[in-house]
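Novice: My questions will all concern the structure given below.
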Amino acid sequence: MPVTLPQHLQAQLQAGLVRRQQGYRGRFAPSPSGALHRGNLRTALLSWLQARLQGGEWLLRIDDLDRPRNRPGADDQILADLRWLGLVWDGPVVRQSQRRGLYASVLSSLRRCGRLYPCGCSRRLLADISAPHGALAVYPGFCRQGGIGWGPRQGRLPSWRLRLLDATLSWPEDSGRHGSLEAASEVGDVVLRRADGLVAYHLATAVDELTLGITAVVRGEDLWASSGPQVAVMAALGAMPPRYWHVPLWRDARGQRLSKRDGAEGLEGLRQSGGDAASVIGLLAASLGLVPAGTRLSAEELRQQLQLSDLLTMVDEPLSPIPEGAEPGEA
Ligand code: GLU
């Protein structure tokens, strides 16, 4: 049963629904934890292309709720890099930090309707009992039956978990992988408000896809499993998920994914080795097999020479990473 929402929330969800019906609306949602590396830029390019090839809108959302992970200046750098590449977004930039009131009202509604419960389990405790190989940890439900209150215990606030119903969580998925997870055995009760008081990524993201009227999410395949909790939040709010396309990550020669926090090379490094926007777009597109290696072209020129079917066929083939060390314009 979806929760009962106050009128102002119902109105925002309704406005999102109306927007969804007006046509394709995609988004790119980086966290300002560092400059975008070439893997992030490639995902941004795919997300932008998919929106533009369908005559749709493309929004830029900055996921800046996790204050301890935000890097000073990263937000401006992300905007400047996307503009430099010609990946221009529609409308004002959406910053999650400016939407805390909305997330707080959704949390209160979920709590009032009994869909949340306080959880006192620390991360350390859960890490100790979870699978040693680090498989997606499903919360074992220690606090599900109640017993701990909403107030602080030994100076520590509880986290707030969503009580998942025993159901299959499904979403339309374009990656070729089936979009579905079992709520009880594969997802578990997820944290929507962290013990440090911060709104959790799953809550904010699900609320944003709905209220911003997003019809399609293109993001890295590392976030495939995040769709389960996000679809669960959307279902609790009585809404359907958007379409998802989880695209392969750019890996280095050792098969490791690039990471902003580990300082994977951003545009600055590519520029220093003589790259301009046309060579970087060519590099990103060539790594997807969309153009021959060494091609130089603008994002707009790339869009003009592609059909939507070129992207969709690419979905069926593994994306080929370019050899490490190759510079823009090189074969
Ligand atoms: N902000 C998240 C990240 O940079 C991505 C969120 C999303 O696309 O859902 O990893």
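The way I read the labels, and the way they are meant: chains A, B, ... in the order of the structure tokens, residue 1 as the first residue of every chain, and ligand 1 as the first ligand shown, with later ones counted on from there.
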Enumerate, in order of chain and increasing residue number, the residues of chain A with an atom no farther than 10 Å from ligand 1, each with its shortest atom pair and distance in Å to one decimal, counting only C-alpha atoms and all ligand atoms, as CSV.
Specialist:
residue,atom,partner,partner_atom_place_in_ligand_line,distance
A:Arg27,CA,ligand 1,8 (O),7.9
A:Phe28,CA,ligand 1,8 (O),6.2
A:Ala29,CA,ligand 1,8 (O),4.8
A:Pro30,CA,ligand 1,4 (O),3.8
A:Ser31,CA,ligand 1,4 (O),4.2
A:Pro32,CA,ligand 1,4 (O),7.6
A:Ser33,CA,ligand 1,4 (O),8.1
A:Gly34,CA,ligand 1,4 (O),9.8
A:Leu36,CA,ligand 1,4 (O),9.1
A:Asn40,CA,ligand 1,4 (O),8.2
A:Thr43,CA,ligand 1,8 (O),9.6
A:Ala44,CA,ligand 1,8 (O),9.9
A:Arg61,CA,ligand 1,1 (N),8.4
A:Ile62,CA,ligand 1,1 (N),7.1
A:Asp63,CA,ligand 1,1 (N),4.9
A:Asp64,CA,ligand 1,1 (N),7.9
A:Leu65,CA,ligand 1,1 (N),9.5
A:Asp66,CA,ligand 1,1 (N),9.7
A:Tyr201,CA,ligand 1,6 (C),7.8
A:His202,CA,ligand 1,9 (O),8.3
A:Ala204,CA,ligand 1,9 (O),9.5
A:Thr205,CA,ligand 1,9 (O),6.2
A:Ala206,CA,ligand 1,9 (O),8.6
A:Asp208,CA,ligand 1,9 (O),9.8
A:Glu209,CA,ligand 1,9 (O),9.1
A:Val217,CA,ligand 1,8 (O),7.1
A:Val218,CA,ligand 1,8 (O),7.1
A:Arg219,CA,ligand 1,8 (O),5.0
A:Gly220,CA,ligand 1,8 (O),7.3
A:Glu221,CA,ligand 1,8 (O),9.9
A:Asp222,CA,ligand 1,10 (O),8.5
A:Leu223,CA,ligand 1,9 (O),6.9
A:Trp224,CA,ligand 1,9 (O),9.2
A:Ser226,CA,ligand 1,9 (O),7.9
A:Ser227,CA,ligand 1,9 (O),8.4
A:Gln230,CA,ligand 1,9 (O),9.2
A:Tyr244,CA,ligand 1,9 (O),9.9
A:His246,CA,ligand 1,8 (O),9.3
A:Ser259,CA,ligand 1,10 (O),9.9
A:Lys260,CA,ligand 1,4 (O),9.3
Novice: Step one, run DSSP on the backbone; step two, keep only residues of segment 5-203 of chain A assigned to helix (DSSP H, G or I); then write them as a count of residues only.
Specialist: 76
Novice: Which residues come within 12 Å of Gln7 of chain A, counting only C-alpha atoms, excluding same-chain residues fewer than 5 positions away, as JSON, numbers by chain?
Specialist: {"A": [12, 13, 14, 105, 106, 109]}
Novice: For the residues in the current selection, export N, CA and C atoms as an mmCIF file, in the first residue's frame.
Specialist:
data_model
loop_
_atom_site.group_PDB
_atom_site.id
_atom_site.type_symbol
_atom_site.label_atom_id
_atom_site.label_comp_id
_atom_site.auth_asym_id
_atom_site.auth_seq_id
_atom_site.Cartn_x
_atom_site.Cartn_y
_atom_site.Cartn_z
ATOM 1 N N GLN A 12 3.535 17.702 -5.968
ATOM 2 C CA GLN A 12 4.852 17.627 -6.627
ATOM 3 C C GLN A 12 4.997 16.342 -7.420
ATOM 4 N N LEU A 13 4.465 15.251 -6.856
ATOM 5 C CA LEU A 13 4.539 13.978 -7.578
ATOM 6 C C LEU A 13 3.665 14.028 -8.833
ATOM 7 N N GLN A 14 2.530 14.659 -8.698
ATOM 8 C CA GLN A 14 1.619 14.774 -9.837
ATOM 9 C C GLN A 14 2.267 15.621 -10.947
ATOM 10 N N SER A 105 10.183 16.018 4.157
ATOM 11 C CA SER A 105 8.730 15.760 4.217
ATOM 12 C C SER A 105 8.417 14.349 3.767
ATOM 13 N N VAL A 106 9.136 13.847 2.767
ATOM 14 C CA VAL A 106 8.858 12.469 2.331
ATOM 15 C C VAL A 106 9.209 11.508 3.471
ATOM 16 N N SER A 109 6.539 11.517 6.074
ATOM 17 C CA SER A 109 5.320 10.796 5.659
ATOM 18 C C SER A 109 5.526 9.297 5.751
#
Novice: Which of these residues is nearest to Ala277 of chain A, using only C-alpha atoms: A:Glu300, A:Asp76, A:Glu182, A:Asp128?
Specialist: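 Distance minimum relative to Ala277 of chain A lands on A:Glu300.
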Novice: Using only C-alpha atoms, pick whichever of A:Ala239, A:Leu116, A:Ala293, A:Leu288 has the shortest atom-to-atom distance to Thr313 of chain A.
Specialist: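 For Thr313 of chain A, the nearest of the candidates is A:Leu288.
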Novice: Please identify the strand (DSSP E) residues within segment 32-246 of chain A (assignment by DSSP from backbone atoms) and present them as an NGL selection string.
Specialist: :A and (57-62 or 94-95 or 116-119 or 159-162 or 168-170 or 180-182 or 191-193 or 216-220 or 243-246)
Novice: Could you build a table of the residues in segment 226-313 of chain A lying no more than 12 Å from segment 161-179 of chain A, giving for each the nearest pair of atoms and their separation in Å rounded to one decimal place, using only C-alpha atoms, ordered by chain and ascending residue number, as CSV?
Specialist:
residue,atom,partner,partner_atom,distance
A:Ser226,CA,A:Gly179,CA,11.0
A:Ser227,CA,A:Trp171,CA,7.8
A:Gly228,CA,A:Leu169,CA,6.0
A:Pro229,CA,A:Leu169,CA,8.4
A:Gln230,CA,A:Leu169,CA,9.4
A:Val231,CA,A:Leu169,CA,6.5
A:Ala232,CA,A:Leu169,CA,6.7
A:Val233,CA,A:Leu162,CA,8.0
A:Met234,CA,A:Leu169,CA,10.3
A:Ala235,CA,A:Leu169,CA,8.8
A:Ala236,CA,A:Leu164,CA,9.0
A:Leu237,CA,A:Leu162,CA,12.0
A:Ala239,CA,A:Trp171,CA,11.7
A:Met240,CA,A:Trp171,CA,8.4
A:Pro241,CA,A:Trp171,CA,6.2
A:Pro242,CA,A:Pro172,CA,7.3
A:Arg243,CA,A:Pro172,CA,4.9
A:Tyr244,CA,A:Glu173,CA,4.9
A:Trp245,CA,A:Asp174,CA,4.7
A:His246,CA,A:Ser175,CA,5.6
A:Val247,CA,A:Ser175,CA,6.6
A:Pro248,CA,A:Ser175,CA,8.7
A:Leu311,CA,A:Asp174,CA,10.6
A:Leu312,CA,A:Asp174,CA,8.2
A:Thr313,CA,A:Ser175,CA,10.5
Novice: Output C-alpha atoms for every residue in that selection, as a tab-separated table (two decimals), in the first residue's frame.
Specialist:
chain	number	residue	atom	x	y	z
A	226	SER	CA	20.84	0.64	-6.49
A	227	SER	CA	17.78	0.51	-8.69
A	228	GLY	CA	16.21	-2.07	-6.31
A	229	PRO	CA	16.04	0.23	-3.26
A	230	GLN	CA	15.14	3.22	-5.44
A	231	VAL	CA	12.27	1.35	-7.09
A	232	ALA	CA	11.11	0.29	-3.60
A	233	VAL	CA	10.96	3.94	-2.48
A	234	MET	CA	9.06	4.87	-5.65
A	235	ALA	CA	6.60	2.02	-5.06
A	236	ALA	CA	6.05	3.18	-1.47
A	237	LEU	CA	5.14	6.58	-2.94
A	239	ALA	CA	4.85	5.63	-8.47
A	240	MET	CA	6.40	3.69	-11.33
A	241	PRO	CA	10.15	3.76	-12.01
A	242	PRO	CA	11.67	5.41	-15.09
A	243	ARG	CA	13.59	3.36	-17.72
A	244	TYR	CA	17.20	2.61	-16.86
A	245	TRP	CA	20.25	2.03	-19.00
A	246	HIS	CA	23.21	0.94	-16.88
A	247	VAL	CA	26.24	1.40	-19.10
A	248	PRO	CA	29.58	-0.37	-18.72
A	311	LEU	CA	23.11	3.63	-29.46
A	312	LEU	CA	20.64	0.83	-28.97
A	313	THR	CA	22.72	-1.64	-31.01
Novice: Which one is closest to Arg95 of chain A: A:Leu249, A:Gln145, A:His37, A:Leu212? Count only C-alpha atoms.
Specialist: A:Leu212
Novice: So which residues touch Leu49 of chain A within 10 Å, counting only C-alpha atoms, skipping near sequence neighbours fewer than 3 positions away, as a PyMOL selection string?
Specialist: chain A and resi 43-46+52-56+58+87+299-300+302-304+306-308+311
Novice: Kindly export the residues of the current selection with all heavy atoms, as a short mmCIF file (atom, residue, chain, number, x, y, z; two decimals), in the first residue's frame.
Specialist:
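out.cif was written with the following content:
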data_model
loop_
_atom_site.label_atom_id
_atom_site.label_comp_id
_atom_site.auth_asym_id
_atom_site.auth_seq_id
_atom_site.Cartn_x
_atom_site.Cartn_y
_atom_site.Cartn_z
N THR A 43 29.87 8.38 -19.71
CA THR A 43 28.48 8.16 -19.30
C THR A 43 27.65 9.42 -19.57
O THR A 43 26.52 9.34 -20.06
CB THR A 43 28.41 7.78 -17.81
OG1 THR A 43 29.21 6.61 -17.62
CG2 THR A 43 27.00 7.50 -17.36
N ALA A 44 28.24 10.58 -19.27
CA ALA A 44 27.52 11.84 -19.52
C ALA A 44 27.22 11.98 -21.01
O ALA A 44 26.11 12.35 -21.39
CB ALA A 44 28.37 13.03 -19.05
N LEU A 45 28.20 11.63 -21.85
CA LEU A 45 28.00 11.74 -23.31
C LEU A 45 26.85 10.82 -23.76
O LEU A 45 25.98 11.23 -24.53
CB LEU A 45 29.30 11.38 -24.03
CG LEU A 45 29.24 11.36 -25.57
CD1 LEU A 45 28.92 12.74 -26.13
CD2 LEU A 45 30.56 10.86 -26.17
N LEU A 46 26.85 9.59 -23.26
CA LEU A 46 25.78 8.64 -23.64
C LEU A 46 24.41 9.14 -23.19
O LEU A 46 23.42 9.04 -23.92
CB LEU A 46 26.05 7.26 -23.03
CG LEU A 46 27.10 6.42 -23.75
CD1 LEU A 46 27.41 5.17 -22.94
CD2 LEU A 46 26.62 6.05 -25.15
N ARG A 52 19.19 13.77 -26.57
CA ARG A 52 19.11 14.64 -27.75
C ARG A 52 18.61 13.90 -28.98
O ARG A 52 17.91 14.45 -29.81
CB ARG A 52 20.49 15.26 -28.05
CG ARG A 52 21.00 16.19 -26.95
CD ARG A 52 20.00 17.28 -26.63
NE ARG A 52 20.50 18.23 -25.65
CZ ARG A 52 19.77 18.75 -24.68
NH1 ARG A 52 18.51 18.41 -24.52
NH2 ARG A 52 20.28 19.62 -23.85
N LEU A 53 18.98 12.61 -29.11
CA LEU A 53 18.53 11.84 -30.28
C LEU A 53 17.02 11.59 -30.23
O LEU A 53 16.43 11.21 -31.22
CB LEU A 53 19.29 10.51 -30.38
CG LEU A 53 20.75 10.65 -30.86
CD1 LEU A 53 21.51 9.35 -30.67
CD2 LEU A 53 20.78 11.08 -32.33
N GLN A 54 16.44 11.77 -29.05
CA GLN A 54 14.99 11.60 -28.95
C GLN A 54 14.28 12.95 -28.84
O GLN A 54 13.11 13.01 -28.46
CB GLN A 54 14.65 10.73 -27.74
CG GLN A 54 15.32 9.38 -27.91
CD GLN A 54 14.84 8.36 -26.92
OE1 GLN A 54 13.66 8.05 -26.87
NE2 GLN A 54 15.74 7.83 -26.14
N GLY A 55 15.03 14.01 -29.11
CA GLY A 55 14.44 15.35 -29.03
C GLY A 55 14.00 15.66 -27.61
O GLY A 55 13.09 16.46 -27.39
N GLY A 56 14.64 15.02 -26.63
CA GLY A 56 14.20 15.19 -25.25
C GLY A 56 15.02 16.21 -24.48
O GLY A 56 15.91 16.87 -25.02
N TRP A 58 17.52 17.21 -21.12
CA TRP A 58 18.62 16.60 -20.36
C TRP A 58 18.93 17.52 -19.19
O TRP A 58 19.31 18.67 -19.38
CB TRP A 58 19.84 16.45 -21.27
CG TRP A 58 20.93 15.61 -20.69
CD1 TRP A 58 20.86 14.29 -20.37
CD2 TRP A 58 22.27 16.02 -20.41
NE1 TRP A 58 22.08 13.85 -19.90
CE2 TRP A 58 22.96 14.89 -19.91
CE3 TRP A 58 22.97 17.23 -20.51
CZ2 TRP A 58 24.29 14.92 -19.52
CZ3 TRP A 58 24.31 17.27 -20.14
CH2 TRP A 58 24.95 16.12 -19.65
N LEU A 87 28.35 19.56 -23.76
CA LEU A 87 27.23 18.78 -23.21
C LEU A 87 26.38 19.73 -22.37
O LEU A 87 26.55 19.82 -21.14
CB LEU A 87 27.74 17.59 -22.38
CG LEU A 87 28.67 16.64 -23.13
CD1 LEU A 87 29.11 15.49 -22.25
CD2 LEU A 87 27.99 16.11 -24.39
N ALA A 299 30.42 17.42 -29.93
CA ALA A 299 29.30 16.60 -29.43
C ALA A 299 28.12 16.75 -30.38
O ALA A 299 27.44 15.78 -30.72
CB ALA A 299 28.93 17.05 -28.02
N GLU A 300 27.89 17.97 -30.84
CA GLU A 300 26.77 18.23 -31.75
C GLU A 300 26.97 17.50 -33.08
O GLU A 300 26.02 16.92 -33.63
CB GLU A 300 26.67 19.76 -31.95
CG GLU A 300 25.47 20.23 -32.69
CD GLU A 300 24.14 19.67 -32.18
OE1 GLU A 300 24.00 19.40 -30.97
OE2 GLU A 300 23.25 19.47 -33.04
N LEU A 302 28.66 14.78 -33.51
CA LEU A 302 28.46 13.36 -33.23
C LEU A 302 26.96 13.05 -33.23
O LEU A 302 26.50 12.08 -33.83
CB LEU A 302 29.08 13.00 -31.88
CG LEU A 302 28.90 11.57 -31.41
CD1 LEU A 302 29.58 10.58 -32.36
CD2 LEU A 302 29.46 11.37 -29.99
N ARG A 303 26.20 13.90 -32.58
CA ARG A 303 24.75 13.68 -32.53
C ARG A 303 24.16 13.65 -33.94
O ARG A 303 23.34 12.81 -34.26
CB ARG A 303 24.09 14.80 -31.72
CG ARG A 303 22.59 14.62 -31.60
CD ARG A 303 21.92 15.81 -30.97
NE ARG A 303 21.85 16.97 -31.84
CZ ARG A 303 20.96 17.13 -32.80
NH1 ARG A 303 20.05 16.21 -33.03
NH2 ARG A 303 20.96 18.22 -33.54
N GLN A 304 24.64 14.59 -34.76
CA GLN A 304 24.07 14.67 -36.11
C GLN A 304 24.36 13.44 -36.95
O GLN A 304 23.60 13.11 -37.84
CB GLN A 304 24.58 15.92 -36.81
CG GLN A 304 23.83 17.15 -36.35
CD GLN A 304 24.48 18.43 -36.81
OE1 GLN A 304 25.28 18.43 -37.74
NE2 GLN A 304 24.14 19.53 -36.16
N LEU A 306 24.61 10.35 -35.79
CA LEU A 306 24.11 9.11 -35.19
C LEU A 306 22.59 9.01 -35.28
O LEU A 306 21.90 10.01 -35.37
CB LEU A 306 24.49 9.05 -33.71
CG LEU A 306 25.95 8.86 -33.35
CD1 LEU A 306 26.10 8.88 -31.83
CD2 LEU A 306 26.50 7.55 -33.90
N GLN A 307 22.13 7.78 -35.24
CA GLN A 307 20.70 7.51 -35.08
C GLN A 307 20.53 6.88 -33.71
O GLN A 307 21.46 6.25 -33.21
CB GLN A 307 20.22 6.44 -36.08
CG GLN A 307 20.67 6.61 -37.49
CD GLN A 307 19.70 7.53 -38.21
OE1 GLN A 307 18.57 7.68 -37.77
NE2 GLN A 307 20.14 8.15 -39.27
N LEU A 308 19.33 6.94 -33.18
CA LEU A 308 19.08 6.31 -31.89
C LEU A 308 19.43 4.82 -31.95
O LEU A 308 19.98 4.25 -31.00
CB LEU A 308 17.61 6.50 -31.50
CG LEU A 308 17.24 6.02 -30.11
CD1 LEU A 308 18.04 6.75 -29.04
CD2 LEU A 308 15.75 6.20 -29.87
N LEU A 311 22.88 3.77 -30.91
CA LEU A 311 23.11 3.63 -29.46
C LEU A 311 22.51 2.33 -28.97
O LEU A 311 23.10 1.61 -28.18
CB LEU A 311 22.44 4.77 -28.68
CG LEU A 311 23.09 6.14 -28.70
CD1 LEU A 311 22.43 7.01 -27.65
CD2 LEU A 311 24.57 6.07 -28.45
#
Novice: Would you list the contacts of Ala200 of chain A as a ChimeraX atom specification, taking every protein, DNA or RNA residue within 10 Å and counting only C-alpha atoms, but skipping same-chain residues closer than 3 positions in sequence?
Specialist: /A:65-66,103,159-160,190-195,197,203-205
